Amino acid sequence: MEGITSLLWKILDIINEMSPFLLLGFLLAGLMHTFIPATLYSKYLSRGNFRSVVYSTLLGVPLPLCSCGVIPTAMSLRREGASKGATISFLIATPQTGVDSIFATYSLMGLPFAIIRPIAAIFTALFGGHIVNIANKTDKCNGACESSYSKQTDIAKVQSISCVKEKLSFVSRLKEAVNYAFVEMMQDIGKWLVVGLIVAGLIAVLVPDSFFAVFKGNTMLSMLLVLCVAIPMYICATGSIPIAVALMMKGLTPGAALVMLMAGPACNVASILVINKVLGRKTLIAYLLSIILGSIAFGVVIDTFLPASWFVPSMLSADCCHGEELSWFNLGCTILLALLLINALIHNHNHSHNHDCQASLIEDDEQSAARLRFVIKGLNCTHCRANALEALKSIPGTQTADIDLATGNSYLIGDVTIEQVREAIESLGFEVVS
């Protein structure tokens, strides 16, 4: 019982440190999503040169996409004409950072980590994108690759969505930003944030303080150990922060902690499989090498050349003065964050129920139209669903379509074949089971 109490208090300590910055980061992410035109993200990425890699990296760094949500988004950019290098740089830079995770990094790990983390993401993404472009220089499909439903149709659809957003009043767009920040994003990364907090609490309570003493003086070995765990694991940029802090409190070096912060969000089994399938093995190898070499290089720089005093997590300082009372402001932010997470889970459950009701109603009303029912595998967040749904609606002949995120059950009404559906969905890296 005492161990459970210690675990809960440790998790509460971490959340209290993070919650104000998380809420601010979520809000900024929502404002970016609503007020920045969608066409900006696909306009400058089509050429297979270094400039497209730079644009892709700079566009990806502040975006608040989780590690699974970035996969269909990147594949959608690829379908709209982005080069392989630009697609890979987007895949590397985007999940490592975001305005929410930068604020959360500052709250738990301090200003130096908050500055170095996006810088490392930028250089790693530039390196990876450039290597991919070099490796695919002779590939005729390195630039735009068009499918049977035209690229122009997709671009027109994005532009029409942007026009609709621009016609909304400022108050309406602000409401949309708040909904995106505190409902959709909570649905995307809320579960994984909770998982990260629980894992961090378990590490803090169960792992002996001297666990990483065996690696003292051998920074490279500790980094390789972290890489072995981080590369296949799914963890979002924000969820990786409490885990890295907990490991540092057990003796892990700051450089090895940065390896966790970079490799964990940037790579997982799902992204490896999708890149190998859609972009090819050469691109996959370049992608993995850039993440591994980039994270190790920056980790070595931190442990070898920068003062260790820069990288003392605020949680360590908080432990030294544990007797101080909790801030009411932080506690209020923690309660608000918990309520928003609960609301997101309820909203997700209700959407699944409403999907079934809506499908039944449409089936009754659309007797003359052809109906397709199928299951889409690989959907993990609202970004996955949104990209898949956009792909379905972009197929010529589609009247209406919907996807249940929880089960993957999907339907499409219109003059469309299952082969067209499979081509559209699999171009994003998902699987269709009819």
# chains A, B, ... in the order shown; residues from 1 in each chain; ligands from 1

call {"tool": "residues_around", "arguments": {"residues": "Thr238 in chain A", "least_positions_apart": "2", "cutoff": "7 Å", "atoms": "only C-alpha atoms", "output": "ChimeraX atom specification"}}
result
/A:101,104,193,236,240-241

call {"tool": "residues_around", "arguments": {"residues": "Gly201 in chain A", "least_positions_apart": "2", "cutoff": "10 Å", "atoms": "only C-alpha atoms", "output": "PyMOL selection string"}}
result
chain A and resi 4+6-14+195-199+203-207+242-243+246

call {"tool": "write_last_selection", "arguments": {"atoms": "N, CA, C and O atoms", "output": "short mmCIF file (atom, residue, chain, number, x, y, z; two decimals), in the first residue's frame"}}
result
data_model
loop_
_atom_site.label_atom_id
_atom_site.label_comp_id
_atom_site.auth_asym_id
_atom_site.auth_seq_id
_atom_site.Cartn_x
_atom_site.Cartn_y
_atom_site.Cartn_z
N ILE A 4 2.14 1.99 -3.49
CA ILE A 4 1.14 2.61 -4.38
C ILE A 4 1.00 4.09 -4.06
O ILE A 4 0.89 4.93 -4.95
N SER A 6 3.30 6.04 -2.75
CA SER A 6 4.50 6.73 -3.25
C SER A 6 4.41 6.94 -4.76
O SER A 6 4.79 8.00 -5.27
N LEU A 7 3.89 5.92 -5.47
CA LEU A 7 3.74 6.03 -6.92
C LEU A 7 2.79 7.17 -7.29
O LEU A 7 3.09 8.00 -8.15
N LEU A 8 1.65 7.22 -6.61
CA LEU A 8 0.66 8.26 -6.90
C LEU A 8 1.19 9.66 -6.61
O LEU A 8 0.96 10.60 -7.37
N TRP A 9 1.91 9.80 -5.49
CA TRP A 9 2.47 11.12 -5.16
C TRP A 9 3.53 11.54 -6.16
O TRP A 9 3.64 12.72 -6.52
N LYS A 10 4.34 10.57 -6.62
CA LYS A 10 5.37 10.90 -7.61
C LYS A 10 4.74 11.35 -8.93
O LYS A 10 5.18 12.34 -9.55
N ILE A 11 3.69 10.64 -9.36
CA ILE A 11 2.98 11.03 -10.58
C ILE A 11 2.36 12.41 -10.42
O ILE A 11 2.41 13.25 -11.33
N LEU A 12 1.76 12.68 -9.25
CA LEU A 12 1.15 13.99 -8.99
C LEU A 12 2.20 15.10 -9.03
O LEU A 12 1.95 16.19 -9.57
N ASP A 13 3.38 14.83 -8.48
CA ASP A 13 4.47 15.83 -8.52
C ASP A 13 4.84 16.18 -9.96
O ASP A 13 5.01 17.36 -10.30
N ILE A 14 4.96 15.16 -10.79
CA ILE A 14 5.34 15.39 -12.19
C ILE A 14 4.25 16.17 -12.92
O ILE A 14 4.54 17.13 -13.65
N VAL A 195 0.27 7.16 -19.99
CA VAL A 195 1.19 6.01 -19.96
C VAL A 195 2.60 6.47 -19.57
O VAL A 195 3.26 5.84 -18.73
N GLY A 196 3.06 7.58 -20.17
CA GLY A 196 4.39 8.10 -19.84
C GLY A 196 4.51 8.49 -18.38
O GLY A 196 5.53 8.22 -17.73
N LEU A 197 3.47 9.10 -17.82
CA LEU A 197 3.49 9.49 -16.41
C LEU A 197 3.53 8.27 -15.50
O LEU A 197 4.26 8.26 -14.50
N ILE A 198 2.76 7.24 -15.84
CA ILE A 198 2.75 6.03 -15.01
C ILE A 198 4.10 5.33 -15.07
O ILE A 198 4.64 4.90 -14.03
N VAL A 199 4.67 5.23 -16.27
CA VAL A 199 5.99 4.61 -16.41
C VAL A 199 7.04 5.40 -15.63
O VAL A 199 7.89 4.82 -14.94
N ILE A 203 9.31 3.96 -12.58
CA ILE A 203 10.78 4.04 -12.58
C ILE A 203 11.27 4.70 -11.31
O ILE A 203 12.21 4.24 -10.66
N ALA A 204 10.62 5.83 -10.94
CA ALA A 204 11.05 6.58 -9.76
C ALA A 204 10.91 5.76 -8.48
O ALA A 204 11.74 5.87 -7.57
N VAL A 205 9.88 4.92 -8.40
CA VAL A 205 9.61 4.17 -7.17
C VAL A 205 10.37 2.84 -7.13
O VAL A 205 10.90 2.45 -6.08
N LEU A 206 10.45 2.14 -8.28
CA LEU A 206 10.95 0.77 -8.29
C LEU A 206 12.42 0.62 -8.66
O LEU A 206 13.08 -0.32 -8.20
N VAL A 207 12.93 1.50 -9.51
CA VAL A 207 14.32 1.36 -9.97
C VAL A 207 15.28 1.89 -8.90
O VAL A 207 15.10 3.02 -8.43
N PRO A 242 8.54 12.86 -18.94
CA PRO A 242 8.63 12.33 -17.57
C PRO A 242 9.47 11.06 -17.48
O PRO A 242 10.12 10.83 -16.45
N ILE A 243 9.48 10.24 -18.54
CA ILE A 243 10.32 9.04 -18.52
C ILE A 243 11.79 9.42 -18.50
O ILE A 243 12.59 8.86 -17.73
N ALA A 246 12.69 10.75 -15.05
CA ALA A 246 12.79 9.66 -14.07
C ALA A 246 14.09 8.88 -14.24
O ALA A 246 14.74 8.51 -13.25
#

call {"tool": "closest_residue", "arguments": {"among": "A:Ser89, A:Ser83, A:Gln187, A:Ser107", "to": "Ser56 in chain A", "atoms": "only C-alpha atoms"}}
result
A:Ser89

call {"tool": "closest_residue", "arguments": {"among": "A:Cys267, A:Leu59, A:Leu65, A:Ile346", "to": "Pro232 in chain A", "atoms": "only C-alpha atoms"}}
result
A:Cys267

call {"tool": "closest_residue", "arguments": {"among": "A:Gly190, A:Leu28, A:Gly128, A:Phe311", "to": "Leu111 in chain A", "atoms": "only C-alpha atoms"}}
result
A:Phe311

call {"tool": "residues_around", "arguments": {"residues": "His33 in chain A", "least_positions_apart": "4", "cutoff": "9 Å", "atoms": "only C-alpha atoms", "output": "MDAnalysis selection string"}}
result
chainID A and resid 28:29 37:38 63:64 177 180:181

call {"tool": "atom_distance", "arguments": {"atom1": "CA of Gly429 in chain A", "atom2": "CA of Ser271 in chain A"}}
result
8.9 Å

call {"tool": "atom_distance", "arguments": {"atom1": "CA of Ile36 in chain A", "atom2": "CA of Gly85 in chain A"}}
result
23.4 Å

call {"tool": "residues_around", "arguments": {"residues": "Asn133 in chain A", "least_positions_apart": "3", "cutoff": "8 Å", "atoms": "only C-alpha atoms", "output": "list of chain:residue names"}}
result
A:Gly48, A:Asn49, A:Phe50, A:Ser83, A:Lys84, A:Gly85, A:Gly129, A:His130, A:Asn136, A:Lys137, A:Asn142

call {"tool": "select_by_dssp", "arguments": {"residues": "range 381-432 of chain A", "states": "strand (DSSP E)", "output": "compact mmCIF listing (two decimals) with C-alpha atoms, in the first residue's frame"}}
result
# COMPACT_ATOMS: atom_id res chain seq x y z
CA THR A 398 -17.68 9.31 -53.51
CA GLN A 399 -20.93 10.70 -52.09
CA THR A 400 -20.23 10.25 -48.39
CA ALA A 401 -17.93 8.24 -46.14
CA ASP A 402 -17.16 7.80 -42.47
CA ILE A 403 -14.65 5.96 -40.28
CA ASN A 409 -15.04 0.03 -39.27
CA SER A 410 -15.68 2.21 -42.33
CA TYR A 411 -18.25 2.73 -45.04
CA LEU A 412 -18.36 4.59 -48.33
CA ILE A 413 -21.40 5.41 -50.46
CA GLY A 414 -20.90 6.17 -54.16
CA GLU A 431 -4.28 -1.48 -44.50
CA VAL A 432 -7.77 -2.15 -45.88

call {"tool": "closest_residue", "arguments": {"among": "A:Asn330, A:Ser222, A:Ser434, A:Ser394", "to": "Val375 in chain A", "atoms": "only C-alpha atoms"}}
result
A:Ser434

call {"tool": "atom_distance", "arguments": {"atom1": "CA of Ile102 in chain A", "atom2": "CA of Ala114 in chain A"}}
result
5.6 Å

call {"tool": "closest_residue", "arguments": {"among": "A:Gly264, A:Pro72, A:Gly280, A:Gly3", "to": "Leu227 in chain A", "atoms": "only C-alpha atoms"}}
result
A:Gly264

call {"tool": "closest_residue", "arguments": {"among": "A:Ala256, A:Val132, A:Val194, A:Ala308", "to": "Met223 in chain A", "atoms": "only C-alpha atoms"}}
result
A:Ala256
